>>> print(open('entry.pdb').read())   # PDB, C-alpha atoms
ATOM      1  CA  MET I  12      85.822  61.403 155.431
ATOM      2  CA  THR I  13      87.072  60.645 158.937
ATOM      3  CA  SER I  14      90.699  61.321 159.818
ATOM      4  CA  THR I  15      92.592  59.153 162.280
ATOM      5  CA  ALA I  16      94.690  62.108 163.482
ATOM      6  CA  PRO I  17      93.501  65.566 164.554
ATOM      7  CA  PRO I  18      94.244  68.508 162.237
ATOM      8  CA  ARG I  19      97.406  70.485 162.917
ATOM      9  CA  THR I  20      96.662  74.200 163.368
ATOM     10  CA  ALA I  21      99.263  76.968 163.217
ATOM     11  CA  ALA I  22      98.929  80.179 165.212
ATOM     12  CA  ARG I  23      96.445  82.708 163.877
ATOM     13  CA  SER I  24      98.022  85.692 162.167
ATOM     14  CA  ARG I  25      96.717  89.245 162.331
ATOM     15  CA  GLN I  26      96.171  89.157 158.575
ATOM     16  CA  GLY I  27      93.920  86.150 158.188
ATOM     17  CA  PRO I  28      92.731  82.753 159.367
ATOM     18  CA  PRO I  29      94.988  80.143 161.001
ATOM     19  CA  LEU I  30      96.790  77.624 158.846
ATOM     20  CA  VAL I  31      95.173  74.199 159.221
ATOM     21  CA  VAL I  32      96.834  70.971 158.056
ATOM     22  CA  ARG I  33      94.271  68.216 157.534
ATOM     23  CA  ASP I  34      93.174  65.507 155.123
ATOM     24  CA  VAL I  35      92.095  66.788 151.719
ATOM     25  CA  ASP I  36      88.394  66.062 151.392
ATOM     26  CA  GLY I  37      86.273  65.594 148.277
ATOM     27  CA  PRO I  38      86.590  66.079 144.504
ATOM     28  CA  ALA I  39      86.784  69.881 144.576
ATOM     29  CA  GLU I  40      89.723  69.929 147.015
ATOM     30  CA  MET I  41      91.448  67.151 145.058
ATOM     31  CA  ALA I  42      91.093  69.266 141.903
ATOM     32  CA  ASP I  43      92.640  72.203 143.788
ATOM     33  CA  CYS I  44      95.638  69.965 144.592
ATOM     34  CA  VAL I  45      96.123  69.133 140.924
ATOM     35  CA  ALA I  46      95.910  72.789 139.880
ATOM     36  CA  LEU I  47      98.401  73.834 142.567
ATOM     37  CA  TYR I  48     100.826  71.090 141.538
ATOM     38  CA  GLU I  49     100.754  72.094 137.875
ATOM     39  CA  ARG I  50     101.233  75.769 138.729
ATOM     40  CA  VAL I  51     104.126  75.291 141.173
ATOM     41  CA  MET I  52     105.983  72.756 138.997
ATOM     42  CA  GLY I  53     105.604  74.820 135.814
ATOM     43  CA  LEU I  54     104.430  71.812 133.843
ATOM     44  CA  ARG I  55     104.277  71.910 130.063
ATOM     45  CA  PRO I  56     101.828  69.984 127.882
ATOM     46  CA  GLY I  57     103.095  66.428 127.734
ATOM     47  CA  ASP I  58     104.930  66.537 131.077
ATOM     48  CA  GLY I  59     102.164  64.548 132.719
ATOM     49  CA  SER I  60     100.287  65.450 135.871
ATOM     50  CA  LEU I  61      97.954  64.163 138.565
ATOM     51  CA  ASN I  62      94.193  63.922 138.478
ATOM     52  CA  PRO I  63      91.565  64.051 141.242
ATOM     53  CA  ARG I  64      90.503  60.446 140.649
ATOM     54  CA  LEU I  65      94.016  59.146 141.280
ATOM     55  CA  LEU I  66      94.364  61.114 144.526
ATOM     56  CA  THR I  67      90.918  59.962 145.686
ATOM     57  CA  ALA I  68      91.744  56.325 144.916
ATOM     58  CA  LEU I  69      95.026  56.573 146.835
ATOM     59  CA  GLN I  70      93.318  58.126 149.820
ATOM     60  CA  HIS I  71      90.714  55.373 149.986
ATOM     61  CA  ASN I  72      93.298  52.600 149.649
ATOM     62  CA  SER I  73      95.828  53.216 152.437
ATOM     63  CA  GLY I  74      97.366  56.342 150.900
ATOM     64  CA  LEU I  75      97.402  59.819 152.431
ATOM     65  CA  VAL I  76      96.514  63.176 150.870
ATOM     66  CA  VAL I  77      97.217  65.952 153.376
ATOM     67  CA  GLY I  78      96.624  69.638 152.647
ATOM     68  CA  ALA I  79      97.501  72.988 154.201
ATOM     69  CA  PHE I  80      94.587  75.424 154.192
ATOM     70  CA  LEU I  81      94.160  79.101 154.995
ATOM     71  CA  GLY I  82      90.421  79.175 155.515
ATOM     72  CA  ASP I  83      89.070  77.354 152.460
ATOM     73  CA  HIS I  84      92.138  78.190 150.351
ATOM     74  CA  LEU I  85      94.612  75.367 149.642
ATOM     75  CA  VAL I  86      98.209  76.624 149.899
ATOM     76  CA  GLY I  87     100.086  73.291 149.917
ATOM     77  CA  PHE I  88      99.615  69.534 149.930
ATOM     78  CA  THR I  89     101.461  66.239 150.023
ATOM     79  CA  TYR I  90     100.412  62.753 149.024
ATOM     80  CA  SER I  91     101.806  59.303 149.697
ATOM     81  CA  PHE I  92     100.948  55.645 149.201
ATOM     82  CA  LEU I  93     101.550  52.497 151.213
ATOM     83  CA  ALA I  94     104.637  50.533 150.144
ATOM     84  CA  ARG I  95     106.491  47.439 151.311
ATOM     85  CA  GLU I  96     110.159  46.603 151.638
ATOM     86  CA  HIS I  97     111.361  43.549 149.722
ATOM     87  CA  GLY I  98     114.257  41.681 151.299
ATOM     88  CA  THR I  99     116.186  39.446 148.900
ATOM     89  CA  ASP I 100     116.044  36.604 151.429
ATOM     90  CA  GLY I 101     112.312  36.888 151.979
ATOM     91  CA  SER I 102     112.731  39.103 155.045
ATOM     92  CA  GLY I 103     112.310  42.852 155.382
ATOM     93  CA  ARG I 104     108.583  43.156 154.698
ATOM     94  CA  ARG I 105     108.180  46.385 156.633
ATOM     95  CA  LEU I 106     105.368  48.663 155.486
ATOM     96  CA  TYR I 107     105.982  52.358 154.973
ATOM     97  CA  GLN I 108     104.387  55.377 153.329
ATOM     98  CA  TYR I 109     106.143  56.545 150.163
ATOM     99  CA  SER I 110     105.618  60.291 149.833
ATOM    100  CA  GLN I 111     105.546  61.073 146.131
ATOM    101  CA  LEU I 112     105.510  64.849 146.386
ATOM    102  CA  ALA I 113     104.943  67.903 148.544
ATOM    103  CA  VAL I 114     104.240  71.319 147.045
ATOM    104  CA  VAL I 115     103.599  74.774 148.511
ATOM    105  CA  ALA I 116     102.241  77.778 146.613
ATOM    106  CA  HIS I 117     105.020  80.086 145.388
ATOM    107  CA  GLU I 118     103.761  83.030 147.407
ATOM    108  CA  ARG I 119     103.703  80.942 150.611
ATOM    109  CA  GLN I 120     107.105  79.313 150.393
ATOM    110  CA  GLY I 121     109.643  79.980 153.130
ATOM    111  CA  LEU I 122     106.950  80.347 155.817
ATOM    112  CA  GLY I 123     107.226  76.884 157.386
ATOM    113  CA  ILE I 124     104.229  75.388 155.581
ATOM    114  CA  GLY I 125     106.289  72.521 154.134
ATOM    115  CA  ARG I 126     107.410  71.568 157.635
ATOM    116  CA  LEU I 127     103.848  71.584 158.933
ATOM    117  CA  LEU I 128     102.746  69.417 156.012
ATOM    118  CA  LYS I 129     105.421  66.828 156.771
ATOM    119  CA  LEU I 130     104.551  66.853 160.477
ATOM    120  CA  GLY I 131     100.887  66.421 159.558
ATOM    121  CA  GLN I 132     101.855  63.483 157.365
ATOM    122  CA  ARG I 133     103.860  62.061 160.277
ATOM    123  CA  ASP I 134     100.853  62.428 162.606
ATOM    124  CA  ARG I 135      98.638  60.510 160.175
ATOM    125  CA  CYS I 136     101.216  57.732 159.805
ATOM    126  CA  LEU I 137     101.698  57.294 163.536
ATOM    127  CA  ALA I 138      97.934  57.282 164.109
ATOM    128  CA  GLU I 139      97.692  54.343 161.698
ATOM    129  CA  GLY I 140     100.724  52.518 163.115
ATOM    130  CA  THR I 141     103.194  53.300 160.326
ATOM    131  CA  THR I 142     106.638  54.352 161.584
ATOM    132  CA  LEU I 143     108.570  54.974 158.362
ATOM    133  CA  ILE I 144     108.133  57.504 155.541
ATOM    134  CA  ARG I 145     110.304  57.574 152.426
ATOM    135  CA  TRP I 146     110.523  59.980 149.520
ATOM    136  CA  ALA I 147     112.887  61.094 146.759
ATOM    137  CA  TYR I 148     114.514  64.444 146.008
ATOM    138  CA  ASP I 149     117.186  65.858 143.723
ATOM    139  CA  PRO I 150     120.442  65.807 145.739
ATOM    140  CA  MET I 151     121.624  68.981 143.993
ATOM    141  CA  GLN I 152     118.795  70.914 145.656
ATOM    142  CA  THR I 153     120.674  71.515 148.881
ATOM    143  CA  ARG I 154     117.968  73.612 150.538
ATOM    144  CA  ASN I 155     115.622  70.651 150.243
ATOM    145  CA  ALA I 156     118.426  68.471 151.580
ATOM    146  CA  HIS I 157     118.872  70.682 154.650
ATOM    147  CA  PHE I 158     115.132  70.558 155.341
ATOM    148  CA  ASN I 159     114.955  66.780 154.927
ATOM    149  CA  LEU I 160     118.074  65.888 156.916
ATOM    150  CA  ASP I 161     118.705  68.686 159.415
ATOM    151  CA  VAL I 162     115.194  70.003 160.075
ATOM    152  CA  LEU I 163     113.164  66.783 159.929
ATOM    153  CA  GLY I 164     116.005  64.480 160.959
ATOM    154  CA  ALA I 165     115.695  61.983 158.097
ATOM    155  CA  VAL I 166     118.635  60.167 156.475
ATOM    156  CA  VAL I 167     119.684  59.125 152.959
ATOM    157  CA  ASP I 168     121.115  55.689 152.242
ATOM    158  CA  THR I 169     120.084  55.141 148.598
ATOM    159  CA  PHE I 170     120.953  56.944 145.357
ATOM    160  CA  LYS I 171     118.935  56.432 142.159
ATOM    161  CA  PRO I 172     120.658  57.942 139.120
ATOM    162  CA  ALA I 173     118.224  59.106 136.410
ATOM    163  CA  MET I 174     115.320  57.702 138.431
ATOM    164  CA  TYR I 175     112.704  59.188 136.075
ATOM    165  CA  GLY I 176     114.893  59.316 132.967
ATOM    166  CA  THR I 177     117.739  61.405 131.609
ATOM    167  CA  SER I 178     115.680  64.566 131.062
ATOM    168  CA  GLY I 179     113.533  66.181 133.722
ATOM    169  CA  PHE I 180     110.277  68.057 133.368
ATOM    170  CA  GLY I 181     108.857  71.455 134.228
ATOM    171  CA  ALA I 182     111.534  73.806 135.562
ATOM    172  CA  ALA I 183     114.088  70.939 135.480
ATOM    173  CA  THR I 184     113.683  70.169 131.764
ATOM    174  CA  GLY I 185     116.918  68.832 130.310
ATOM    175  CA  GLU I 186     118.458  67.686 133.609
ATOM    176  CA  SER I 187     119.056  64.114 134.667
ATOM    177  CA  THR I 188     116.493  63.053 137.254
ATOM    178  CA  ASP I 189     118.993  61.794 139.833
ATOM    179  CA  ARG I 190     117.377  61.236 143.216
ATOM    180  CA  PHE I 191     118.309  60.526 146.816
ATOM    181  CA  ILE I 192     115.843  58.289 148.680
ATOM    182  CA  VAL I 193     115.085  59.692 152.129
ATOM    183  CA  SER I 194     114.141  57.481 155.080
ATOM    184  CA  TRP I 195     112.334  59.261 157.905
ATOM    185  CA  HIS I 196     112.169  56.911 160.898
ATOM    186  CA  LEU I 197     109.373  58.007 163.201
ATOM    187  CA  ASP I 198     110.186  55.637 166.057
ATOM    188  CA  GLY I 199     113.923  56.158 166.563
ATOM    189  CA  THR I 200     116.092  58.317 168.781
ATOM    190  CA  ALA I 201     116.646  61.922 167.773
ATOM    191  CA  ARG I 202     120.101  62.492 166.343
ATOM    192  CA  PRO I 203     121.959  65.605 167.564
ATOM    193  CA  ALA I 204     122.765  68.099 164.836
ATOM    194  CA  GLY I 205     126.304  67.611 163.571
ATOM    195  CA  PRO I 206     128.909  70.374 163.398
ATOM    196  CA  ALA I 207     129.510  72.413 160.266
ATOM    197  CA  PRO I 208     132.534  71.134 158.324
ATOM    198  CA  GLU I 209     135.853  72.793 159.055
ATOM    199  CA  PRO I 210     137.286  74.583 156.001
ATOM    200  CA  PRO I 211     140.477  73.036 154.599
ATOM    201  CA  PRO I 212     143.492  75.177 153.641
ATOM    202  CA  GLY I 213     142.395  77.219 150.647
ATOM    203  CA  GLY I 214     138.711  76.743 151.406
ATOM    204  CA  HIS I 215     136.090  74.366 150.029
ATOM    205  CA  ARG I 216     135.420  73.844 146.327
ATOM    206  CA  ALA I 217     132.202  72.663 144.680
ATOM    207  CA  GLY I 218     132.360  69.037 143.577
ATOM    208  CA  GLU I 219     135.173  68.048 145.925
ATOM    209  CA  VAL I 220     135.185  65.417 148.700
ATOM    210  CA  TYR I 221     136.895  66.071 152.030
ATOM    211  CA  ASP I 222     137.806  63.699 154.855
ATOM    212  CA  GLU I 223     136.795  64.711 158.376
ATOM    213  CA  GLY I 224     137.742  61.813 160.603
ATOM    214  CA  GLU I 225     135.504  58.908 159.618
ATOM    215  CA  ASP I 226     133.068  61.268 157.893
ATOM    216  CA  ARG I 227     133.139  62.358 154.260
ATOM    217  CA  ILE I 228     132.083  65.867 153.237
ATOM    218  CA  VAL I 229     130.783  66.535 149.707
ATOM    219  CA  VAL I 230     130.573  70.195 148.683
ATOM    220  CA  LEU I 231     128.018  71.564 146.215
ATOM    221  CA  PRO I 232     126.728  74.982 145.158
ATOM    222  CA  ASP I 233     124.043  76.129 147.595
ATOM    223  CA  ASP I 234     121.752  77.224 144.719
ATOM    224  CA  TRP I 235     121.825  74.692 141.903
ATOM    225  CA  ASP I 236     119.316  76.549 139.719
ATOM    226  CA  ARG I 237     121.374  79.732 139.901
ATOM    227  CA  LEU I 238     124.575  77.851 139.057
ATOM    228  CA  ARG I 239     122.892  76.233 136.056
ATOM    229  CA  ALA I 240     121.632  79.608 134.839
ATOM    230  CA  GLU I 241     125.007  81.323 135.297
ATOM    231  CA  THR I 242     127.343  78.610 133.979
ATOM    232  CA  GLY I 243     125.104  76.896 131.442
ATOM    233  CA  PRO I 244     123.551  73.422 131.286
ATOM    234  CA  GLU I 245     126.676  71.701 129.933
ATOM    235  CA  HIS I 246     128.863  72.788 132.858
ATOM    236  CA  ALA I 247     126.088  71.855 135.305
ATOM    237  CA  ALA I 248     125.679  68.431 133.669
ATOM    238  CA  ARG I 249     129.409  67.695 133.995
ATOM    239  CA  LEU I 250     129.400  68.693 137.656
ATOM    240  CA  ARG I 251     126.258  66.636 138.305
ATOM    241  CA  GLY I 252     127.805  63.595 136.651
ATOM    242  CA  ARG I 253     131.007  63.838 138.689
ATOM    243  CA  VAL I 254     129.184  64.339 141.990
ATOM    244  CA  SER I 255     126.678  61.588 141.190
ATOM    245  CA  ARG I 256     129.508  59.086 140.853
ATOM    246  CA  THR I 257     130.789  60.241 144.243
ATOM    247  CA  PHE I 258     127.345  59.803 145.799
ATOM    248  CA  ALA I 259     127.022  56.261 144.448
ATOM    249  CA  ARG I 260     130.428  55.335 145.842
ATOM    250  CA  LEU I 261     129.861  56.843 149.283
ATOM    251  CA  LEU I 262     126.378  55.408 149.741
ATOM    252  CA  ALA I 263     127.690  51.892 149.243
ATOM    253  CA  ASP I 264     128.626  51.865 152.934
ATOM    254  CA  ARG I 265     127.651  55.292 154.282
ATOM    255  CA  THR I 266     124.581  57.350 155.098
ATOM    256  CA  ALA I 267     123.987  61.046 154.445
ATOM    257  CA  VAL I 268     122.805  62.696 157.658
ATOM    258  CA  SER I 269     123.208  66.441 157.120
ATOM    259  CA  CYS I 270     123.458  69.207 154.525
ATOM    260  CA  VAL I 271     124.407  72.698 155.721
ATOM    261  CA  ARG I 272     125.273  75.988 154.053
ATOM    262  CA  LEU I 273     128.864  77.154 153.872
ATOM    263  CA  PRO I 274     130.314  80.564 153.055
ATOM    264  CA  ASP I 275     130.865  81.642 149.439
ATOM    265  CA  GLY I 276     127.659  80.180 148.015
ATOM    266  CA  LEU I 277     128.382  76.580 148.918
ATOM    267  CA  ALA I 278     126.720  73.762 150.860
ATOM    268  CA  ALA I 279     128.071  70.521 152.297
ATOM    269  CA  TYR I 280     126.667  67.035 152.742
ATOM    270  CA  ARG I 281     127.969  64.919 155.608
ATOM    271  CA  PHE I 282     128.227  61.145 155.045
ATOM    272  CA  ILE I 283     128.902  58.965 158.078
ATOM    273  CA  PRO I 284     129.670  55.215 158.279
ATOM    274  CA  ARG I 285     126.419  53.297 158.021
ATOM    275  CA  ALA I 286     127.065  51.457 161.266
ATOM    276  CA  ALA I 287     127.017  54.820 163.083
ATOM    277  CA  ALA I 288     123.724  55.991 161.553
ATOM    278  CA  HIS I 289     120.573  55.633 163.628
ATOM    279  CA  GLY I 290     116.956  56.171 162.663
ATOM    280  CA  PRO I 291     116.017  59.619 163.987
ATOM    281  CA  THR I 292     112.717  61.108 164.947
ATOM    282  CA  PRO I 293     111.659  64.484 163.540
ATOM    283  CA  ARG I 294     112.574  67.571 165.482
ATOM    284  CA  PRO I 295     109.431  69.384 166.675
TER
END
>>> encode(input="entry.pdb", output="C-alpha cells")
Amino acid sequence: MTSTAPPRTAARSRQGPPLVVRDVDGPAEMADCVALYERVMGLRPGDGSLNPRLLTALQHNSGLVVGAFLGDHLVGFTYSFLAREHGTDGSGRRLYQYSQLAVVAHERQGLGIGRLLKLGQRDRCLAEGTTLIRWAYDPMQTRNAHFNLDVLGAVVDTFKPAMYGTSGFGAATGESTDRFIVSWHLDGTARPAGPAPEPPPGGHRAGEVYDEGEDRIVVLPDDWDRLRAETGPEHAARLRGRVSRTFARLLADRTAVSCVRLPDGLAAYRFIPRAAAHGPTPRP
C-alpha cells in the first residue's frame, strides 16, 4: 500500500528502535489493531469490537488506519472514515475525516504516542486535501479534554447526550455515553493558550459554573474514574446528569476551547462566545 504522507519517526531511544507512525498495512497488522483495541478497552463478550476486514475496507475507501510501531510491534493506532457535513439549507457539504477511536497500549501511555498518532493522522489528511478532523470523547474525561483542546488546539461546539446509549461498555459499563464532538481545523490560525481560571472566594467546586467576563468556567473532578470508584456510581450519575445539562445549555451559543487542571483534584473547562472562537491549527 502506498501512503500519501511520509511516516512520522520519533527519536531513537537507547532501549530500542525508534517509534514510527505510518499507515497500517495488511491483514496481520489489522488483526494486531483489533487485538490491541480489545485489550486496552477491556471489552467483555457482547460489547462488540472491530475486525480486520472492516479496517481494511475503510482504508481502501477514503478512510485512514494509522499505527504507531516500535520495530514490528504495534503500540497504538487510530482509524477514521470520510464524512460530509449536511447543511439544512443544502449548503455546508464540507468533507472531513471522522476519527472513531485512538488507542495506545497500557504500558506505553503517557509517553506522547497519542499525540504522534494524531499528528500522523493530520499529515495524512493534509496530504489528501482534507482540512478538518472530528471525533467524540466523554467530556468527564478531563485529561482527554486537555489533550484535545489545549495540546492539539481543537474545539468543541456539539454535545451528544447518551450518544451510544444509556450504558457504556468495557471499563465504562453502566455509565451514560455522553460525548463532546471535537472539531480540529487544520487550516486555521493557532489560538493562544488561555489563562487558568481565577479561583472565586471559597475556591472552586465540582459541578459548578463560574462567570469570568464573557467566558463560562465549568469545574469537574480531574479524575472521573477515581471519583466514580470513591463515591459510587449513583453519585457520579447525578453529577454527570447535572453537568450534562449545563453543557447542553452552554454549547447552544458557546464553544469549549480549553480544559486545564486546578488544585484540589479539579479541572476546568473554558467556554467562550461562539463568535470569538476560531478554527485553530495543532500545536507542533
>>> closest_residue(input="entry.pdb", among="I:Pro17, I:Pro284, I:Pro28, I:Gly276", to="Asp134 in chain I", atoms="only C-alpha atoms")
I:Pro17
>>> residues_near_point(input="entry.pdb", point="(127.5, 70.9, 144.8)", cutoff="9 Å", atoms="all atoms listed in the file", output="list in words")
Pro150, Met151, Gln152, Thr153, Arg216, Ala217, Gly218, Glu219, Val229, Val230, Leu231, Pro232, Asp233, Asp234, Trp235, Leu250, Arg251, Val254, Leu277, Ala278, Ala279 and Tyr280 of chain I
>>> residues_around(input="entry.pdb", residues="range 125-128 of chain I", least_positions_apart="4", cutoff="12 Å", atoms="only C-alpha atoms", output="ChimeraX atom specification")
/I:18-22,30-35,75-80,85-91,110,112-117,119-121,132-135,155,157-159,161-164,293-295
>>> resolve_selection(input="entry.pdb", expression="the PyMOL selection byres ((chain I and resi 207) around 9)", output="PDB file with C-alpha atoms, in the frame of the given file")
ATOM      1  CA  GLY I 205     126.304  67.611 163.571  1.00  0.00           C
ATOM      2  CA  PRO I 206     128.909  70.374 163.398  1.00  0.00           C
ATOM      3  CA  PRO I 208     132.534  71.134 158.324  1.00  0.00           C
ATOM      4  CA  GLU I 209     135.853  72.793 159.055  1.00  0.00           C
ATOM      5  CA  CYS I 270     123.458  69.207 154.525  1.00  0.00           C
ATOM      6  CA  VAL I 271     124.407  72.698 155.721  1.00  0.00           C
ATOM      7  CA  ARG I 272     125.273  75.988 154.053  1.00  0.00           C
ATOM      8  CA  LEU I 273     128.864  77.154 153.872  1.00  0.00           C
ATOM      9  CA  ALA I 279     128.071  70.521 152.297  1.00  0.00           C
ATOM     10  CA  ARG I 281     127.969  64.919 155.608  1.00  0.00           C
TER      11      ARG I 281
END
>>> closest_residue(input="entry.pdb", among="I:Thr67, I:Ser255, I:Ser73, I:Ser187", to="Gly37 in chain I", atoms="only C-alpha atoms")
I:Thr67
>>> resolve_selection(input="entry.pdb", expression="the PyMOL selection byres ((chain I and resi 268) around 7)", output="list in words")
Leu160, Val166, Val167, Thr266, Ala267, Ser269, Arg281 and Phe282 of chain I
>>> atom_distance(input="entry.pdb", atom1="CA of Trp195 in chain I", atom2="CA of Ile144 in chain I")
5.1 Å
>>> atom_distance(input="entry.pdb", atom1="CA of Leu137 in chain I", atom2="CA of Arg104 in chain I")
18.0 Å
>>> axis_aligned_box(input="entry.pdb", around="range 255-263 of chain I", padding_each_side="3 Å", output="AutoDock Vina command-line options")
--center_x 128.6 --center_y 56.7 --center_z 145.3 --size_x 10.4 --size_y 15.7 --size_z 14.9
>>> closest_residue(input="entry.pdb", among="I:Arg237, I:Arg265, I:Arg202, I:Arg50", to="Glu118 in chain I", atoms="only C-alpha atoms")
I:Arg50
>>> decode(input="entry.pdb", residues="range 28-104 of chain I", atoms="C-alpha atoms", output="short mmCIF file (atom, residue, chain, number, x, y, z; two decimals), in the first residue's frame")
data_model
loop_
_atom_site.label_atom_id
_atom_site.label_comp_id
_atom_site.auth_asym_id
_atom_site.auth_seq_id
_atom_site.Cartn_x
_atom_site.Cartn_y
_atom_site.Cartn_z
CA PRO I 28 14.05 1.10 17.90
CA PRO I 29 12.53 4.49 17.00
CA LEU I 30 8.79 4.94 17.13
CA VAL I 31 7.38 5.12 13.60
CA VAL I 32 3.86 6.37 12.82
CA ARG I 33 2.67 5.10 9.44
CA ASP I 34 -0.27 3.50 7.66
CA VAL I 35 -1.22 0.07 8.98
CA ASP I 36 -0.51 -2.41 6.21
CA GLY I 37 -2.04 -5.82 5.56
CA PRO I 38 -4.28 -8.34 7.35
CA ALA I 39 -1.79 -9.27 10.08
CA GLU I 40 -1.29 -5.65 11.19
CA MET I 41 -5.05 -5.03 11.02
CA ALA I 42 -5.56 -8.05 13.30
CA ASP I 43 -2.98 -6.58 15.70
CA CYS I 44 -5.08 -3.38 15.81
CA VAL I 45 -8.18 -5.33 16.76
CA ALA I 46 -6.36 -7.25 19.50
CA LEU I 47 -4.87 -4.05 20.93
CA TYR I 48 -8.27 -2.34 20.93
CA GLU I 49 -9.95 -5.19 22.79
CA ARG I 50 -7.15 -5.35 25.36
CA VAL I 51 -6.98 -1.61 26.08
CA MET I 52 -10.77 -1.12 26.23
CA GLY I 53 -11.32 -4.16 28.47
CA LEU I 54 -14.14 -5.42 26.29
CA ARG I 55 -16.47 -8.14 27.51
CA PRO I 56 -18.23 -10.71 25.33
CA GLY I 57 -21.16 -8.94 23.73
CA ASP I 58 -19.61 -5.45 23.88
CA GLY I 59 -18.82 -5.59 20.19
CA SER I 60 -15.47 -4.94 18.56
CA LEU I 61 -13.69 -4.28 15.28
CA ASN I 62 -12.49 -6.78 12.73
CA PRO I 63 -9.62 -6.67 10.22
CA ARG I 64 -11.98 -6.74 7.24
CA LEU I 65 -13.76 -3.58 8.38
CA LEU I 66 -10.49 -1.70 8.89
CA THR I 67 -9.19 -2.87 5.50
CA ALA I 68 -12.41 -1.78 3.77
CA LEU I 69 -12.24 1.65 5.41
CA GLN I 70 -8.64 2.10 4.40
CA HIS I 71 -9.37 1.28 0.77
CA ASN I 72 -12.39 3.58 0.62
CA SER I 73 -11.14 7.00 1.75
CA GLY I 74 -10.65 6.06 5.41
CA LEU I 75 -7.37 6.13 7.33
CA VAL I 76 -5.83 3.49 9.60
CA VAL I 77 -2.63 4.87 11.14
CA GLY I 78 -0.44 2.90 13.55
CA ALA I 79 2.45 3.58 15.92
CA PHE I 80 5.15 0.92 15.73
CA LEU I 81 8.27 0.12 17.74
CA GLY I 82 10.07 -2.04 15.22
CA ASP I 83 7.39 -4.51 14.10
CA HIS I 84 5.42 -4.15 17.35
CA LEU I 85 2.16 -2.17 17.22
CA VAL I 86 1.79 0.04 20.31
CA GLY I 87 -1.11 2.28 19.20
CA PHE I 88 -3.40 3.06 16.30
CA THR I 89 -6.22 5.32 15.17
CA TYR I 90 -8.78 4.95 12.42
CA SER I 91 -11.15 7.34 10.71
CA PHE I 92 -13.56 7.49 7.79
CA LEU I 93 -14.57 10.19 5.33
CA ALA I 94 -17.73 12.09 6.31
CA ARG I 95 -19.72 15.02 4.97
CA GLU I 96 -21.45 17.94 6.64
CA HIS I 97 -25.16 18.31 5.93
CA GLY I 98 -26.47 21.87 5.98
CA THR I 99 -30.23 22.16 6.47
CA ASP I 100 -30.42 24.63 3.57
CA GLY I 101 -28.46 22.43 1.19
CA SER I 102 -25.17 24.17 1.98
CA GLY I 103 -22.31 23.03 4.19
CA ARG I 104 -21.15 19.99 2.23
#
